[in-house]
file data_1.cif (mmCIF, C-alpha atoms and all ligand atoms)
data_data
loop_
_atom_site.label_atom_id
_atom_site.label_comp_id
_atom_site.auth_asym_id
_atom_site.auth_seq_id
_atom_site.Cartn_x
_atom_site.Cartn_y
_atom_site.Cartn_z
CA MET E 1 86.76 30.18 -55.55
CA LYS E 2 83.80 31.80 -53.81
CA TYR E 3 81.94 29.87 -51.14
CA PHE E 4 78.12 30.09 -51.24
CA ASP E 5 77.29 27.28 -48.83
CA TYR E 6 76.90 29.10 -45.53
CA ALA E 7 73.81 27.06 -44.63
CA ALA E 8 76.00 23.93 -44.56
CA THR E 9 78.64 25.57 -42.42
CA THR E 10 80.36 28.93 -42.01
CA PRO E 11 84.03 29.88 -41.83
CA PRO E 12 84.77 30.33 -38.12
CA ASP E 13 85.29 33.93 -37.08
CA PRO E 14 89.06 34.53 -36.56
CA ASP E 15 88.39 36.08 -33.13
CA VAL E 16 86.45 32.97 -32.15
CA VAL E 17 89.30 30.71 -33.31
CA ARG E 18 91.81 32.73 -31.25
CA THR E 19 89.62 32.55 -28.16
CA ILE E 20 89.22 28.78 -28.51
CA ALA E 21 92.97 28.27 -28.89
CA GLU E 22 93.68 30.43 -25.82
CA VAL E 23 91.20 28.53 -23.66
CA MET E 24 92.47 25.15 -24.85
CA GLU E 25 96.04 26.06 -24.01
CA ALA E 26 95.54 27.85 -20.73
CA HIS E 27 92.37 26.41 -19.17
CA TYR E 28 92.31 22.70 -19.71
CA GLY E 29 90.90 21.84 -16.29
CA ASN E 30 87.80 19.69 -16.05
CA PRO E 31 84.95 22.06 -15.13
CA SER E 32 83.56 19.47 -12.71
CA SER E 33 86.84 19.28 -10.71
CA ILE E 34 86.91 21.22 -7.45
CA HIS E 35 90.57 22.32 -7.58
CA GLY E 36 91.80 25.60 -9.06
CA TYR E 37 92.14 24.31 -12.63
CA GLY E 38 88.61 22.96 -12.49
CA GLU E 39 87.27 26.10 -10.87
CA ARG E 40 88.73 28.31 -13.63
CA ALA E 41 87.23 26.09 -16.33
CA HIS E 42 83.93 26.13 -14.44
CA GLN E 43 83.96 29.94 -14.37
CA LEU E 44 84.58 30.08 -18.12
CA LEU E 45 81.73 27.64 -18.70
CA ARG E 46 79.45 29.72 -16.48
CA ARG E 47 80.31 32.85 -18.43
CA ALA E 48 79.73 31.06 -21.74
CA ARG E 49 76.31 29.97 -20.47
CA VAL E 50 75.42 33.53 -19.45
CA GLY E 51 76.64 34.80 -22.86
CA CYS E 52 74.56 32.30 -24.85
CA ALA E 53 71.49 32.85 -22.67
CA THR E 54 71.73 36.64 -22.98
CA ALA E 55 72.07 36.45 -26.77
CA ILE E 56 68.75 34.61 -27.10
CA GLY E 57 66.97 36.26 -24.18
CA VAL E 58 66.66 33.33 -21.76
CA LYS E 59 68.06 32.42 -18.31
CA PRO E 60 71.52 30.83 -18.04
CA GLU E 61 70.14 27.87 -16.10
CA GLU E 62 67.88 27.13 -19.09
CA ILE E 63 70.86 26.40 -21.38
CA ILE E 64 72.06 22.81 -21.83
CA PHE E 65 75.33 22.57 -23.75
CA THR E 66 75.54 19.83 -26.37
CA SER E 67 77.77 18.75 -29.25
CA GLY E 68 75.52 20.45 -31.84
CA ALA E 69 71.96 20.66 -33.05
CA THR E 70 71.73 17.00 -34.04
CA GLU E 71 72.21 16.13 -30.40
CA SER E 72 70.00 19.00 -29.21
CA ASN E 73 67.15 17.90 -31.50
CA ASN E 74 67.47 14.25 -30.44
CA LEU E 75 67.52 15.22 -26.77
CA ALA E 76 64.59 17.62 -27.09
CA ILE E 77 62.35 15.22 -29.02
CA LYS E 78 63.16 11.82 -27.56
CA GLY E 79 63.92 13.24 -24.12
CA ALA E 80 60.51 14.99 -23.97
CA ALA E 81 58.57 12.09 -25.52
CA LEU E 82 60.08 9.59 -23.05
CA ARG E 83 59.70 11.86 -20.03
CA TYR E 84 56.06 12.79 -20.69
CA GLN E 85 54.77 9.53 -22.19
CA SER E 86 52.31 9.11 -19.34
CA ARG E 87 50.49 12.19 -20.70
CA GLY E 88 50.15 10.65 -24.17
CA LYS E 89 52.07 9.32 -27.13
CA HIS E 90 51.03 11.61 -29.96
CA ILE E 91 53.64 13.94 -31.48
CA ILE E 92 53.45 16.43 -34.35
CA THR E 93 55.93 17.66 -36.98
CA THR E 94 56.26 18.10 -40.77
CA ALA E 95 57.97 16.04 -43.48
CA THR E 96 60.37 18.91 -44.27
CA GLU E 97 62.32 19.01 -41.01
CA HIS E 98 66.06 18.44 -40.79
CA ALA E 99 67.09 14.77 -40.72
CA SER E 100 67.90 14.95 -37.00
CA VAL E 101 64.26 15.82 -36.27
CA TYR E 102 62.72 13.68 -39.01
CA GLU E 103 64.66 10.56 -38.04
CA SER E 104 63.96 11.11 -34.32
CA PHE E 105 60.25 11.14 -35.12
CA LEU E 106 60.59 7.99 -37.25
CA GLN E 107 62.38 6.27 -34.38
CA LEU E 108 59.68 7.26 -31.91
CA GLN E 109 57.09 6.00 -34.40
CA GLN E 110 58.87 2.63 -34.41
CA TRP E 111 58.84 2.68 -30.62
CA GLY E 112 55.06 3.09 -30.54
CA TRP E 113 54.41 6.83 -30.71
CA ASP E 114 51.76 8.13 -33.10
CA VAL E 115 53.09 10.85 -35.43
CA THR E 116 51.10 13.48 -37.34
CA TRP E 117 53.09 14.84 -40.29
CA ILE E 118 51.48 18.18 -41.12
CA PRO E 119 51.52 18.83 -44.89
CA VAL E 120 53.37 21.96 -46.06
CA ASP E 121 52.29 24.36 -48.81
CA SER E 122 54.11 24.82 -52.13
CA LEU E 123 56.66 27.05 -50.37
CA GLY E 124 57.26 24.61 -47.53
CA ARG E 125 55.30 26.31 -44.77
CA VAL E 126 52.59 25.28 -42.33
CA THR E 127 50.01 27.56 -40.73
CA ALA E 128 49.22 27.94 -37.04
CA GLN E 129 45.69 26.74 -37.81
CA GLN E 130 47.04 23.44 -39.24
CA VAL E 131 49.05 22.88 -36.06
CA ILE E 132 46.04 23.57 -33.85
CA GLU E 133 43.85 21.26 -35.93
CA ALA E 134 46.39 18.44 -35.58
CA LEU E 135 46.26 18.53 -31.76
CA ARG E 136 44.65 15.66 -29.83
CA PRO E 137 44.09 15.12 -26.11
CA ASP E 138 47.14 12.82 -26.07
CA THR E 139 49.50 15.21 -27.92
CA VAL E 140 52.70 15.87 -25.97
CA LEU E 141 55.02 17.60 -28.43
CA VAL E 142 55.07 19.80 -31.54
CA SER E 143 58.46 20.16 -33.25
CA LEU E 144 59.01 22.62 -36.10
CA MET E 145 62.03 24.35 -37.56
CA HIS E 146 62.28 28.13 -37.64
CA VAL E 147 63.93 28.29 -41.09
CA ASN E 148 64.17 25.38 -43.51
CA ASN E 149 67.80 24.46 -44.21
CA GLU E 150 67.17 23.59 -47.88
CA THR E 151 64.74 26.26 -49.06
CA GLY E 152 64.86 29.01 -46.42
CA ALA E 153 61.08 28.71 -45.85
CA ILE E 154 60.01 30.26 -42.54
CA HIS E 155 57.29 28.69 -40.42
CA PRO E 156 55.19 31.27 -38.49
CA ILE E 157 56.81 30.19 -35.24
CA ALA E 158 55.70 33.16 -33.12
CA GLU E 159 52.06 32.73 -34.09
CA ILE E 160 52.19 28.95 -33.61
CA GLY E 161 53.77 29.34 -30.16
CA LYS E 162 51.16 31.87 -29.13
CA ARG E 163 48.25 29.67 -30.25
CA LEU E 164 49.74 26.61 -28.55
CA LYS E 165 50.25 28.51 -25.33
CA LYS E 166 46.62 29.69 -25.43
CA GLU E 167 44.93 26.55 -26.69
CA ALA E 168 47.15 23.66 -25.58
CA ARG E 169 49.21 24.74 -22.59
CA ARG E 170 50.49 21.27 -21.76
CA VAL E 171 51.81 20.51 -25.24
CA LEU E 172 55.56 21.12 -25.47
CA PHE E 173 56.79 23.25 -28.37
CA HIS E 174 60.26 22.53 -29.77
CA VAL E 175 61.85 24.82 -32.34
CA ASP E 176 64.91 23.82 -34.37
CA GLY E 177 66.43 27.29 -34.58
CA VAL E 178 69.65 26.38 -36.40
CA GLN E 179 69.14 28.30 -39.63
CA GLY E 180 67.37 31.28 -38.05
CA VAL E 181 69.78 32.62 -35.45
CA GLY E 182 71.88 35.52 -36.71
CA LYS E 183 69.65 35.74 -39.79
CA LEU E 184 66.28 36.65 -38.26
CA GLU E 185 65.32 37.79 -34.80
CA ALA E 186 65.63 34.74 -32.54
CA LYS E 187 64.00 35.01 -29.12
CA PRO E 188 62.57 31.58 -28.26
CA ALA E 189 60.91 32.68 -25.01
CA SER E 190 58.91 35.34 -26.86
CA TRP E 191 57.54 32.57 -29.14
CA TYR E 192 56.59 30.50 -26.06
CA ALA E 193 59.00 27.81 -27.25
CA ASP E 194 59.74 25.26 -24.52
CA LEU E 195 62.77 23.79 -26.27
CA TYR E 196 65.07 25.43 -28.83
CA SER E 197 68.13 23.95 -30.60
CA LEU E 198 71.22 25.66 -32.01
CA SER E 199 74.54 24.64 -33.60
CA ALA E 200 77.58 26.93 -33.29
CA HIS E 201 79.14 26.29 -36.70
CA LYS E 202 76.15 27.80 -38.49
CA PHE E 203 76.94 31.23 -37.01
CA ARG E 204 80.71 31.31 -37.42
CA GLY E 205 81.43 29.33 -34.28
CA PRO E 206 83.15 25.93 -34.04
CA LYS E 207 81.80 22.57 -35.17
CA GLY E 208 80.94 20.14 -32.39
CA ALA E 209 79.30 22.70 -30.09
CA GLY E 210 75.62 23.50 -29.68
CA LEU E 211 72.94 24.15 -27.14
CA LEU E 212 69.43 23.27 -26.18
CA TYR E 213 67.26 25.83 -24.42
CA VAL E 214 65.02 24.00 -21.97
CA ARG E 215 62.40 26.28 -20.42
CA SER E 216 62.45 26.27 -16.59
CA GLY E 217 60.28 23.53 -15.13
CA ILE E 218 60.61 21.16 -18.10
CA GLU E 219 62.31 17.83 -17.55
CA LEU E 220 63.85 15.59 -20.19
CA THR E 221 64.86 11.96 -20.00
CA PRO E 222 68.62 12.08 -20.69
CA LEU E 223 69.82 10.14 -23.73
CA LEU E 224 73.32 9.54 -22.33
CA SER E 225 74.02 7.74 -19.09
CA GLY E 226 76.90 9.10 -17.04
CA GLY E 227 77.75 12.09 -14.87
CA SER E 228 75.40 14.84 -13.71
CA GLN E 229 76.73 17.59 -15.98
CA GLU E 230 74.29 20.02 -17.62
CA ASN E 231 71.59 19.78 -14.99
CA GLY E 232 71.64 16.00 -15.24
CA MET E 233 70.31 16.17 -18.79
CA ARG E 234 73.55 15.67 -20.73
CA ALA E 235 76.30 13.56 -19.24
CA GLY E 236 79.91 14.03 -20.32
CA THR E 237 82.73 16.50 -19.72
CA GLU E 238 81.90 19.80 -21.40
CA ASN E 239 84.21 21.06 -24.15
CA VAL E 240 84.91 24.36 -22.43
CA ALA E 241 87.00 25.91 -25.22
CA LEU E 242 84.41 25.27 -27.95
CA LEU E 243 81.58 26.48 -25.74
CA VAL E 244 83.42 29.70 -24.90
CA GLY E 245 83.93 30.11 -28.67
CA MET E 246 80.24 29.49 -29.29
CA ALA E 247 79.29 32.16 -26.74
CA LYS E 248 81.49 34.69 -28.52
CA ALA E 249 80.15 33.70 -31.95
CA ILE E 250 76.50 33.92 -30.95
CA ARG E 251 76.99 37.35 -29.39
CA LEU E 252 78.56 38.62 -32.61
CA ALA E 253 75.93 36.94 -34.81
CA VAL E 254 73.01 38.38 -32.85
CA GLU E 255 74.58 41.86 -32.68
CA ARG E 256 75.17 41.86 -36.44
CA GLN E 257 71.84 40.26 -37.39
CA PRO E 258 69.82 43.36 -38.40
CA GLN E 259 72.57 44.73 -40.70
CA PHE E 260 73.32 41.24 -42.02
CA ALA E 261 69.68 40.61 -42.93
CA GLU E 262 69.32 43.99 -44.58
CA ARG E 263 72.44 43.51 -46.71
CA VAL E 264 71.97 39.92 -47.82
CA THR E 265 68.27 40.40 -48.57
CA VAL E 266 69.34 42.73 -51.40
CA TYR E 267 71.79 40.08 -52.69
CA ARG E 268 69.24 37.29 -52.32
CA ASP E 269 66.69 39.27 -54.35
CA GLN E 270 69.24 39.94 -57.11
CA ILE E 271 70.11 36.23 -57.30
CA MET E 272 66.44 35.21 -57.31
CA ALA E 273 65.72 37.71 -60.10
CA CYS E 274 68.62 36.25 -62.13
CA ILE E 275 67.31 32.68 -61.71
CA LYS E 276 63.72 33.71 -62.52
CA GLU E 277 64.86 35.21 -65.82
CA ILE E 278 66.45 31.98 -67.03
CA PRO E 279 64.07 29.65 -68.88
CA GLY E 280 64.36 26.09 -67.59
CA LEU E 281 65.23 26.94 -63.98
CA VAL E 282 62.59 26.69 -61.23
CA LEU E 283 62.86 28.81 -58.10
CA ASN E 284 61.85 26.91 -54.96
CA SER E 285 62.22 29.75 -52.46
CA ASP E 286 60.65 33.19 -52.37
CA GLN E 287 61.10 36.61 -50.82
CA GLN E 288 59.09 35.68 -47.76
CA GLY E 289 61.81 33.17 -46.86
CA ALA E 290 65.07 33.65 -44.97
CA PRO E 291 67.39 36.39 -46.22
CA HIS E 292 70.35 34.08 -46.83
CA ILE E 293 68.96 31.05 -48.72
CA ILE E 294 68.03 30.69 -52.40
CA HIS E 295 66.92 27.32 -53.69
CA PHE E 296 66.31 26.39 -57.32
CA SER E 297 65.94 23.31 -59.51
CA TYR E 298 67.24 22.52 -62.94
CA PRO E 299 64.83 19.74 -63.91
CA GLY E 300 66.31 17.25 -66.29
CA MET E 301 69.86 17.97 -65.17
CA LYS E 302 71.53 16.11 -62.31
CA ALA E 303 72.15 18.49 -59.41
CA GLU E 304 75.72 17.25 -59.01
CA VAL E 305 76.48 18.07 -62.66
CA VAL E 306 75.22 21.62 -62.08
CA LEU E 307 77.22 21.86 -58.84
CA HIS E 308 80.47 20.73 -60.47
CA THR E 309 79.96 22.99 -63.50
CA LEU E 310 79.45 25.96 -61.18
CA GLU E 311 82.51 24.90 -59.20
CA GLN E 312 84.61 24.95 -62.36
CA LEU E 313 83.30 28.45 -62.93
CA GLY E 314 84.54 29.55 -59.49
CA VAL E 315 81.52 29.27 -57.20
CA THR E 316 80.64 26.64 -54.60
CA VAL E 317 76.97 25.91 -54.00
CA SER E 318 75.22 22.89 -52.52
CA THR E 319 72.90 20.07 -53.55
CA GLN E 320 70.13 19.56 -50.95
CA SER E 321 71.45 19.95 -47.43
CA ALA E 322 75.01 19.03 -46.52
CA CYS E 323 74.00 15.94 -44.58
CA SER E 324 71.98 14.48 -47.46
CA SER E 325 73.97 15.80 -50.42
CA ARG E 326 75.78 12.49 -50.85
CA SER E 327 72.46 10.68 -51.06
CA ALA E 328 71.11 9.75 -54.48
CA GLU E 329 67.53 10.18 -53.28
CA PRO E 330 65.47 13.16 -54.48
CA SER E 331 64.91 15.82 -51.85
CA ARG E 332 62.25 14.82 -49.30
CA VAL E 333 61.65 18.54 -48.69
CA LEU E 334 60.90 19.36 -52.34
CA LEU E 335 58.67 16.30 -52.74
CA ALA E 336 56.68 17.40 -49.67
CA MET E 337 56.29 20.84 -51.29
CA GLY E 338 54.63 19.13 -54.28
CA ARG E 339 57.56 19.35 -56.71
CA ASP E 340 57.90 16.50 -59.22
CA ALA E 341 60.72 13.94 -59.14
CA ALA E 342 62.79 15.80 -61.78
CA CYS E 343 62.65 19.02 -59.79
CA ALA E 344 63.37 17.22 -56.52
CA ALA E 345 66.41 15.48 -58.03
CA GLY E 346 67.83 18.65 -59.58
CA GLY E 347 67.73 20.96 -56.55
CA LEU E 348 70.53 23.36 -55.65
CA ARG E 349 70.99 25.68 -52.70
CA ILE E 350 72.86 28.96 -52.64
CA SER E 351 73.41 30.36 -49.15
CA LEU E 352 74.90 33.70 -48.26
CA GLY E 353 77.13 34.86 -45.44
CA ASP E 354 78.36 38.08 -43.91
CA GLU E 355 81.53 38.16 -45.99
CA HIS E 356 79.77 38.34 -49.36
CA THR E 357 79.99 41.50 -51.43
CA GLU E 358 78.21 42.90 -54.49
CA GLU E 359 81.18 41.69 -56.54
CA ASP E 360 80.73 38.11 -55.29
CA VAL E 361 77.07 38.20 -56.18
CA ASN E 362 77.88 39.43 -59.70
CA LEU E 363 80.40 36.58 -60.07
CA LEU E 364 77.73 34.09 -58.99
CA LYS E 365 75.12 35.46 -61.41
CA GLN E 366 77.63 35.34 -64.24
CA ALA E 367 78.55 31.75 -63.34
CA ILE E 368 74.87 30.73 -63.40
CA HIS E 369 74.48 32.15 -66.92
CA GLN E 370 77.68 30.43 -68.10
CA MET E 371 76.61 27.14 -66.51
CA MET E 372 73.33 27.31 -68.44
CA ALA E 373 75.16 28.00 -71.69
CA GLN E 374 77.36 24.94 -71.12
CA LEU E 375 74.64 22.56 -69.95
CA ARG E 376 71.67 23.50 -72.12
CA PRO E 377 72.90 21.42 -75.09
CA LEU E 378 73.12 18.40 -72.75
CA GLU E 379 69.56 18.66 -71.39
CA ARG E 380 67.51 15.47 -71.45
CA ARG E 381 64.41 16.06 -73.54
N1 LIG E 401 68.83 21.50 -37.93
C1 LIG E 401 69.01 22.22 -39.05
C2 LIG E 401 67.89 23.04 -39.56
C3 LIG E 401 70.24 22.19 -39.73
O1 LIG E 401 70.42 22.91 -40.83
C4 LIG E 401 71.28 21.39 -39.19
C5 LIG E 401 72.57 21.27 -39.91
O2 LIG E 401 72.62 21.28 -41.12
C6 LIG E 401 71.05 20.66 -38.02
C7 LIG E 401 69.81 20.74 -37.42
C8 LIG E 401 72.10 19.78 -37.40
O3 LIG E 401 73.21 20.50 -37.01
P1 LIG E 401 74.62 19.74 -36.75
O4 LIG E 401 74.94 19.03 -38.02
O5 LIG E 401 75.55 20.85 -36.44
O6 LIG E 401 74.39 18.82 -35.62
#

call {"tool": "encode", "arguments": {"input": "data_1.cif", "output": "structure tokens", "more": "lines below"}}
Ligand code: PLP
result
Amino acid sequence: MKYFDYAATTPPDPDVVRTIAEVMEAHYGNPSSIHGYGERAHQLLRRARVGCATAIGVKPEEIIFTSGATESNNLAIKGAALRYQSRGKHIITTATEHASVYESFLQLQQWGWDVTWIPVDSLGRVTAQQVIEALRPDTVLVSLMHVNNETGAIHPIAEIGKRLKKEARRVLFHVDGVQGVGKLEAKPASWYADLYSLSAHKFRGPKGAGLLYVRSGIELTPLLSGGSQENGMRAGTENVALLVGMAKAIRLAVERQPQFAERVTVYRDQIMACIKEIPGLVLNSDQQGAPHIIHFSYPGMKAEVVLHTLEQLGVTVSTQSACSSRSAEPSRVLLAMGRDAACAAGGLRISLGDEHTEEDVNLLKQAIHQMMAQLRPLERR
């Protein structure tokens, strides 16, 4: 069986797993304790913070460790909206963000904030001009993802950050960077991002570890009440072992990024060409998107039927994103891109990782052709 669902999660790097196990066994002290055990754990945490900060080009004191990007996104969005509500209660995003951003905006809307949902184009992108035009005197936050987790669409984050910095200095800019790091260049400070979220398991680190970059000078209202860990922004004892593992994984991912992108772009283009050739399939991503994600629809066929047929043929792909793939609803992302209900209900995602080879890609292409041969007679007309 070949796994093509790296956007859902990645196999942890064996070196990262070893490091985590070593730290768990040998350095179990609480990093807030002042005795030797605590001090050693604190040193490891400090080094992990420096490692993560260096990998994305920011200062160590700007890194808040979290349990993953769901928490980072919640903290960035609600924490900023609550902290800066005296400046205004207007916030901006799109309808194609990850559920952790989308649902945070819906919650703030229920709590009295005014939300502008910027429409995306047929490939799921917004322009910097749209963002600028959505601004109001009471806008406090813009939140956009770097790379879309379903389709691989890339928002022009650098250009948006630059325009915001020039034209709306006081508006905070949050970037959900989960699907971009290790795949594209990821330097949040160079985009003038104020807040930037990551999750370790998307770049071969452990699940349950993530970070939020909070630019110096920005304050957030904490979402958890408790101790003063993480600059007072995130209470709770840090999971030192997982965070040390995350620091190792992000270093490796960022070091390998240029070669990774070059290699998988070739595979992505081959897979896209294969899908384009097959009558009845609709490609929802293009070559301007991320190098590792291919999204297509088989209108008239249930996505789960396609997924299970492909699984029987030896390849694992995904329906929608992992967190919504058990939902019977059509994809909110595809609907926002203007696809019809049949397309939005029949969407599948193929996502590539650094272990894939030419041979794997050939197996996948073959499986897609075989799947079509098996399912075509069953199509609803
Ligand atoms: N943001 C994006 C773009 C994602 O793809 C994901 C995970 O799928 C998340 C946020 C949430 O990450 P986690 O589930 O690790 O909290």

call {"tool": "residues_around", "arguments": {"input": "data_1.cif", "residues": "range 306-314 of chain E", "least_positions_apart": "2", "cutoff": "12 Å", "atoms": "only C-alpha atoms", "output": "PyMOL selection string"}}
result
chain E and resi 1-5+281+296-304+316-320+325+345-350+360-376+378-379

call {"tool": "closest_residue", "arguments": {"input": "data_1.cif", "among": "E:Val178, E:Leu212, E:Ala53, E:Leu335", "to": "Asn231 in chain E", "atoms": "all atoms listed in the file"}}
result
E:Leu212

call {"tool": "residues_near_ligand", "arguments": {"input": "data_1.cif", "ligand": "ligand LIG 401 (chain E)", "cutoff": "8 Å", "atoms": "all atoms listed in the file", "output": "VMD selection string"}}
result
chain E and resid 7 to 9 67 to 73 97 to 101 145 to 150 176 to 179 197 to 202 207 to 210 321 to 323

call {"tool": "closest_residue", "arguments": {"input": "data_1.cif", "among": "E:Ser32, E:Thr221, E:Gln270, E:Gln229", "to": "Leu75 in chain E", "atoms": "only C-alpha atoms"}}
result
E:Thr221

call {"tool": "residues_around", "arguments": {"input": "data_1.cif", "residues": "Pro119 in chain E", "least_positions_apart": "6", "cutoff": "8 Å", "atoms": "all atoms listed in the file", "output": "VMD selection string"}}
result
chain E and resid 94 to 95 126 336
